[in-house]
file start.pdb (PDB, C-alpha atoms)
MODEL        1
ATOM      1  CA  GLY A   1      84.180  35.260-109.430  1.00  0.00           C
ATOM      2  CA  GLN A   2      84.512  38.228-111.708  1.00  0.00           C
ATOM      3  CA  PHE A   3      82.635  36.568-114.564  1.00  0.00           C
ATOM      4  CA  GLY A   4      79.762  35.744-112.227  1.00  0.00           C
ATOM      5  CA  ASN A   5      79.474  39.339-110.981  1.00  0.00           C
ATOM      6  CA  ALA A   6      79.708  40.789-114.481  1.00  0.00           C
ATOM      7  CA  LEU A   7      77.147  38.292-115.741  1.00  0.00           C
ATOM      8  CA  THR A   8      74.782  39.125-112.892  1.00  0.00           C
ATOM      9  CA  TRP A   9      75.000  42.828-113.709  1.00  0.00           C
ATOM     10  CA  SER A  10      74.520  42.279-117.430  1.00  0.00           C
ATOM     11  CA  ILE A  11      71.385  40.260-116.652  1.00  0.00           C
ATOM     12  CA  ARG A  12      70.053  42.944-114.318  1.00  0.00           C
ATOM     13  CA  SER A  13      70.613  45.609-116.947  1.00  0.00           C
ATOM     14  CA  LYS A  14      69.087  43.299-119.596  1.00  0.00           C
ATOM     15  CA  ASP A  15      72.138  43.709-121.836  1.00  0.00           C
ATOM     16  CA  ALA A  16      71.670  40.629-124.028  1.00  0.00           C
ATOM     17  CA  SER A  17      74.801  41.023-126.162  1.00  0.00           C
ATOM     18  CA  PHE A  18      77.079  41.542-123.158  1.00  0.00           C
ATOM     19  CA  ALA A  19      75.394  38.634-121.340  1.00  0.00           C
ATOM     20  CA  ALA A  20      76.018  36.435-124.406  1.00  0.00           C
ATOM     21  CA  PHE A  21      79.664  37.529-124.529  1.00  0.00           C
ATOM     22  CA  LEU A  22      80.135  36.808-120.825  1.00  0.00           C
ATOM     23  CA  ALA A  23      78.323  33.463-121.027  1.00  0.00           C
ATOM     24  CA  GLU A  24      80.717  32.423-123.766  1.00  0.00           C
ATOM     25  CA  LYS A  25      83.745  33.531-121.727  1.00  0.00           C
ATOM     26  CA  TYR A  26      82.308  31.738-118.707  1.00  0.00           C
ATOM     27  CA  PHE A  27      82.049  28.485-120.662  1.00  0.00           C
ATOM     28  CA  ASP A  28      85.523  28.950-122.149  1.00  0.00           C
ATOM     29  CA  LYS A  29      86.839  29.235-118.596  1.00  0.00           C
ATOM     30  CA  TYR A  30      84.935  26.077-117.669  1.00  0.00           C
ATOM     31  CA  GLN A  31      86.575  24.230-120.563  1.00  0.00           C
ATOM     32  CA  SER A  32      90.060  25.285-119.517  1.00  0.00           C
ATOM     33  CA  VAL A  33      89.617  24.676-115.766  1.00  0.00           C
ATOM     34  CA  GLY A  34      87.165  21.749-115.860  1.00  0.00           C
ATOM     35  CA  GLN A  35      84.598  23.227-113.491  1.00  0.00           C
ATOM     36  CA  PHE A  36      82.337  26.237-113.198  1.00  0.00           C
ATOM     37  CA  GLN A  37      83.473  29.018-110.917  1.00  0.00           C
ATOM     38  CA  ASP A  38      80.197  30.400-109.540  1.00  0.00           C
ATOM     39  CA  LEU A  39      77.713  27.534-109.313  1.00  0.00           C
ATOM     40  CA  ALA A  40      75.243  29.444-107.150  1.00  0.00           C
ATOM     41  CA  MET A  41      74.815  32.049-109.860  1.00  0.00           C
ATOM     42  CA  LEU A  42      74.283  29.362-112.516  1.00  0.00           C
ATOM     43  CA  ASP A  43      71.885  27.407-110.328  1.00  0.00           C
ATOM     44  CA  HIS A  44      69.682  30.481-109.892  1.00  0.00           C
ATOM     45  CA  LEU A  45      69.569  31.803-113.462  1.00  0.00           C
ATOM     46  CA  GLY A  46      65.907  30.917-113.869  1.00  0.00           C
ATOM     47  CA  ASP A  47      64.114  32.915-116.572  1.00  0.00           C
ATOM     48  CA  ALA A  48      67.151  35.205-116.898  1.00  0.00           C
ATOM     49  CA  MET A  49      68.746  32.563-119.097  1.00  0.00           C
ATOM     50  CA  LEU A  50      66.253  33.517-121.810  1.00  0.00           C
ATOM     51  CA  LEU A  51      68.028  36.865-122.215  1.00  0.00           C
ATOM     52  CA  SER A  52      70.375  35.350-124.819  1.00  0.00           C
ATOM     53  CA  LYS A  53      70.909  32.055-126.615  1.00  0.00           C
ATOM     54  CA  ARG A  54      74.406  31.701-125.122  1.00  0.00           C
ATOM     55  CA  LEU A  55      73.049  32.267-121.635  1.00  0.00           C
ATOM     56  CA  THR A  56      70.354  29.658-122.297  1.00  0.00           C
ATOM     57  CA  PHE A  57      73.071  27.231-123.331  1.00  0.00           C
ATOM     58  CA  LEU A  58      75.049  27.948-120.163  1.00  0.00           C
ATOM     59  CA  GLY A  59      72.008  27.402-117.944  1.00  0.00           C
ATOM     60  CA  LYS A  60      70.971  24.247-119.761  1.00  0.00           C
ATOM     61  CA  TYR A  61      74.513  22.879-119.621  1.00  0.00           C
ATOM     62  CA  ARG A  62      74.432  23.328-115.856  1.00  0.00           C
ATOM     63  CA  GLU A  63      71.065  21.549-115.806  1.00  0.00           C
ATOM     64  CA  LEU A  64      72.694  18.681-117.719  1.00  0.00           C
ATOM     65  CA  GLN A  65      75.451  18.458-115.101  1.00  0.00           C
ATOM     66  CA  LEU A  66      72.876  18.358-112.313  1.00  0.00           C
ATOM     67  CA  LYS A  67      71.023  15.506-114.013  1.00  0.00           C
ATOM     68  CA  TYR A  68      74.308  13.581-114.170  1.00  0.00           C
ATOM     69  CA  THR A  69      74.990  14.287-110.497  1.00  0.00           C
ATOM     70  CA  GLU A  70      71.486  13.147-109.499  1.00  0.00           C
ATOM     71  CA  GLY A  71      71.927   9.928-111.487  1.00  0.00           C
ATOM     72  CA  ASN A  72      69.123  10.909-113.879  1.00  0.00           C
ATOM     73  CA  PHE A  73      70.949   9.539-116.914  1.00  0.00           C
ATOM     74  CA  THR A  74      67.845   9.241-119.085  1.00  0.00           C
ATOM     75  CA  GLY A  75      66.991  12.892-118.413  1.00  0.00           C
ATOM     76  CA  ALA A  76      70.590  13.916-119.105  1.00  0.00           C
ATOM     77  CA  GLY A  77      70.550  12.026-122.403  1.00  0.00           C
ATOM     78  CA  GLN A  78      67.242  13.575-123.470  1.00  0.00           C
ATOM     79  CA  LEU A  79      68.475  17.062-122.624  1.00  0.00           C
ATOM     80  CA  LEU A  80      71.788  16.520-124.395  1.00  0.00           C
ATOM     81  CA  VAL A  81      70.131  15.430-127.653  1.00  0.00           C
ATOM     82  CA  ASN A  82      67.429  18.107-127.461  1.00  0.00           C
ATOM     83  CA  LEU A  83      69.999  20.860-126.978  1.00  0.00           C
ATOM     84  CA  LEU A  84      72.033  19.653-129.952  1.00  0.00           C
ATOM     85  CA  LYS A  85      68.988  19.288-132.200  1.00  0.00           C
ATOM     86  CA  SER A  86      67.569  22.686-131.229  1.00  0.00           C
ATOM     87  CA  GLY A  87      70.768  24.524-132.103  1.00  0.00           C
ATOM     88  CA  THR A  88      71.184  25.791-128.538  1.00  0.00           C
ATOM     89  CA  VAL A  89      74.745  24.464-128.329  1.00  0.00           C
ATOM     90  CA  PRO A  90      77.198  26.722-130.194  1.00  0.00           C
ATOM     91  CA  LYS A  91      79.087  24.623-132.758  1.00  0.00           C
ATOM     92  CA  LYS A  92      82.433  25.593-131.261  1.00  0.00           C
ATOM     93  CA  TYR A  93      81.438  23.650-128.117  1.00  0.00           C
ATOM     94  CA  TRP A  94      80.105  20.559-129.870  1.00  0.00           C
ATOM     95  CA  SER A  95      83.195  18.421-129.247  1.00  0.00           C
ATOM     96  CA  THR A  96      83.041  19.145-125.503  1.00  0.00           C
ATOM     97  CA  PHE A  97      79.312  18.593-125.458  1.00  0.00           C
ATOM     98  CA  LEU A  98      79.493  15.353-127.430  1.00  0.00           C
ATOM     99  CA  THR A  99      82.165  13.890-125.163  1.00  0.00           C
ATOM    100  CA  ASP A 100      79.689  14.404-122.314  1.00  0.00           C
ATOM    101  CA  ALA A 101      77.609  11.698-124.006  1.00  0.00           C
ATOM    102  CA  LEU A 102      80.381   9.100-123.580  1.00  0.00           C
ATOM    103  CA  PRO A 103      79.480   7.975-120.039  1.00  0.00           C
ATOM    104  CA  LEU A 104      75.838   7.642-121.100  1.00  0.00           C
ATOM    105  CA  LEU A 105      76.793   5.546-124.118  1.00  0.00           C
ATOM    106  CA  GLU A 106      78.952   3.252-122.013  1.00  0.00           C
ATOM    107  CA  LEU A 107      76.289   2.345-119.441  1.00  0.00           C
ATOM    108  CA  GLU A 108      75.980  -1.423-119.694  1.00  0.00           C
ATOM    109  CA  ASP A 109      72.714  -1.864-117.819  1.00  0.00           C
ATOM    110  CA  GLN A 110      70.784   0.963-119.435  1.00  0.00           C
ATOM    111  CA  LEU A 111      70.161   2.097-123.016  1.00  0.00           C
ATOM    112  CA  ILE A 112      69.903   5.894-122.919  1.00  0.00           C
ATOM    113  CA  PHE A 113      69.772   6.792-126.623  1.00  0.00           C
ATOM    114  CA  ASP A 114      67.387   5.190-129.103  1.00  0.00           C
ATOM    115  CA  VAL A 115      68.182   4.767-132.814  1.00  0.00           C
ATOM    116  CA  GLU A 116      67.035   8.268-133.814  1.00  0.00           C
ATOM    117  CA  GLN A 117      68.914   9.968-130.971  1.00  0.00           C
ATOM    118  CA  THR A 118      72.073   7.983-131.702  1.00  0.00           C
ATOM    119  CA  GLN A 119      71.873   9.003-135.348  1.00  0.00           C
ATOM    120  CA  ALA A 120      71.490  12.652-134.307  1.00  0.00           C
ATOM    121  CA  LEU A 121      74.627  12.342-132.166  1.00  0.00           C
ATOM    122  CA  MET A 122      76.480  10.640-135.020  1.00  0.00           C
ATOM    123  CA  HIS A 123      75.500  13.449-137.367  1.00  0.00           C
ATOM    124  CA  ALA A 124      76.745  16.054-134.889  1.00  0.00           C
ATOM    125  CA  LEU A 125      79.990  14.114-134.456  1.00  0.00           C
ATOM    126  CA  TYR A 126      80.481  13.930-138.219  1.00  0.00           C
ATOM    127  CA  GLN A 127      79.975  17.694-138.511  1.00  0.00           C
ATOM    128  CA  THR A 128      82.393  18.267-135.642  1.00  0.00           C
ATOM    129  CA  GLN A 129      85.085  16.057-137.180  1.00  0.00           C
ATOM    130  CA  GLU A 130      84.611  17.783-140.534  1.00  0.00           C
ATOM    131  CA  LYS A 131      85.014  21.215-138.946  1.00  0.00           C
ATOM    132  CA  GLU A 132      87.895  20.438-136.588  1.00  0.00           C
ATOM    133  CA  GLU A 133      90.818  19.544-138.812  1.00  0.00           C
ATOM    134  CA  SER A 134      93.467  20.660-136.345  1.00  0.00           C
ATOM    135  CA  THR A 135      92.243  19.133-133.090  1.00  0.00           C
ATOM    136  CA  ASP A 136      94.700  18.232-130.384  1.00  0.00           C
ATOM    137  CA  THR A 137      95.553  14.571-129.849  1.00  0.00           C
ATOM    138  CA  ILE A 138      93.412  14.192-126.712  1.00  0.00           C
ATOM    139  CA  THR A 139      90.316  15.647-128.376  1.00  0.00           C
ATOM    140  CA  SER A 140      90.932  13.535-131.465  1.00  0.00           C
ATOM    141  CA  LYS A 141      91.160  10.362-129.351  1.00  0.00           C
ATOM    142  CA  LYS A 142      87.991  11.277-127.437  1.00  0.00           C
ATOM    143  CA  LEU A 143      86.103  11.841-130.681  1.00  0.00           C
ATOM    144  CA  SER A 144      87.329   8.492-132.043  1.00  0.00           C
ATOM    145  CA  LEU A 145      86.211   6.773-128.839  1.00  0.00           C
ATOM    146  CA  LEU A 146      82.877   8.557-129.115  1.00  0.00           C
ATOM    147  CA  GLN A 147      82.472   7.303-132.675  1.00  0.00           C
ATOM    148  CA  LEU A 148      83.076   3.723-131.548  1.00  0.00           C
ATOM    149  CA  SER A 149      80.651   4.113-128.631  1.00  0.00           C
ATOM    150  CA  LEU A 150      77.993   5.546-130.933  1.00  0.00           C
ATOM    151  CA  VAL A 151      78.307   2.607-133.333  1.00  0.00           C
ATOM    152  CA  ARG A 152      77.973   0.144-130.439  1.00  0.00           C
ATOM    153  CA  ASN A 153      75.002   2.083-129.058  1.00  0.00           C
ATOM    154  CA  LEU A 154      73.324   2.120-132.463  1.00  0.00           C
ATOM    155  CA  GLN A 155      73.677  -1.652-132.599  1.00  0.00           C
ATOM    156  CA  ARG A 156      72.184  -2.024-129.103  1.00  0.00           C
ATOM    157  CA  ALA A 157      69.341   0.377-129.932  1.00  0.00           C
ATOM    158  CA  MET A 158      68.521  -1.486-133.144  1.00  0.00           C
ATOM    159  CA  LEU A 159      68.430  -4.797-131.286  1.00  0.00           C
ATOM    160  CA  GLU A 160      66.200  -3.253-128.630  1.00  0.00           C
ATOM    161  CA  THR A 161      63.858  -1.942-131.342  1.00  0.00           C
ATOM    162  CA  LYS A 162      63.571  -5.433-132.853  1.00  0.00           C
ATOM    163  CA  ARG A 163      62.646  -6.905-129.444  1.00  0.00           C
ATOM    164  CA  THR A 164      59.752  -4.510-128.906  1.00  0.00           C
TER     165      THR A 164
ENDMDL
END
call {"tool": "encode", "arguments": {"input": "start.pdb", "output": "structure tokens"}}
result
Amino acid sequence: GQFGNALTWSIRSKDASFAAFLAEKYFDKYQSVGQFQDLAMLDHLGDAMLLSKRLTFLGKYRELQLKYTEGNFTGAGQLLVNLLKSGTVPKKYWSTFLTDALPLLELEDQLIFDVEQTQALMHALYQTQEKEESTDTITSKKLSLLQLSLVRNLQRAMLETKRT
């Protein structure tokens, strides 16, 4: 689409600020539509994603989606926590990003997040809830569900730690 073409040209011209602006708009569009428009462009970002922090986030978010698709849930969980801890994820996208952890937290046969990772997610959730006073009802319910899932996961992770 238009964002993809503009982003490609901003990368070619090495315009970091415009690439960051477009990456943010690209992700905003993803949030409103529920899917990325130009997957081929995202899948072939390569080293170009290093042009700006927002572009890095966009590329890494796509990598996270691919790990989900491939069934690499442990890799997806590691990437999710690492991106949050590194500050790569812009705070305005934390609620979206954190809700991506829900399916990983609800896996019954696999523990994806250990105690430390779960605590990092809980901290990010707390900061998100503090910041977002006027969230819509759906987002608020998702964040409440996430909080419950994190508490259950923390319990499971603590029990797993005791066993080993």
call {"tool": "resolve_selection", "arguments": {"input": "start.pdb", "expression": "the PyMOL selection byres ((chain A and resi 98) around 12)", "output": "ChimeraX atom specification"}}
result
/A:61,77,80-81,83-84,89-97,99-105,118,120-129,139,142-147,149-150
call {"tool": "atom_distance", "arguments": {"input": "start.pdb", "atom1": "CA of Lys53 in chain A", "atom2": "CA of Asp38 in chain A"}}
result
19.5 Å
call {"tool": "closest_residue", "arguments": {"input": "start.pdb", "among": "A:Ala16, A:Glu106, A:Ile11, A:Phe3", "to": "Asp28 in chain A", "atoms": "only C-alpha atoms"}}
result
A:Phe3
call {"tool": "atom_distance", "arguments": {"input": "start.pdb", "atom1": "CA of Leu66 in chain A", "atom2": "CA of Leu79 in chain A"}}
result
11.3 Å
call {"tool": "residues_near_point", "arguments": {"input": "start.pdb", "point": "(78.2, 30.8, -108.8)", "cutoff": "10 Å", "atoms": "all atoms listed in the file", "output": "ChimeraX atom specification"}}
result
/A:1,3-5,8,36-45
call {"tool": "atom_distance", "arguments": {"input": "start.pdb", "atom1": "CA of Ala157 in chain A", "atom2": "CA of Leu107 in chain A"}}
result
12.7 Å
call {"tool": "closest_residue", "arguments": {"input": "start.pdb", "among": "A:Ala20, A:Val115, A:Leu159, A:Leu7", "to": "Ser52 in chain A", "atoms": "all atoms listed in the file"}}
result
A:Ala20
call {"tool": "axis_aligned_box", "arguments": {"input": "start.pdb", "around": "range 53-70 of chain A", "padding_each_side": "5 Å", "output": "lines of an AutoDock Vina configuration file"}}
result
center_x = 72.9
center_y = 22.7
center_z = -118.1
size_x = 15.1
size_y = 29.1
size_z = 27.1
call {"tool": "closest_residue", "arguments": {"input": "start.pdb", "among": "A:Thr137, A:Gln110, A:Thr88, A:Thr69", "to": "Arg156 in chain A", "atoms": "only C-alpha atoms"}}
result
A:Gln110
call {"tool": "closest_residue", "arguments": {"input": "start.pdb", "among": "A:Val33, A:Leu111, A:Leu55, A:Met158", "to": "Phe73 in chain A", "atoms": "all atoms listed in the file"}}
result
A:Leu111
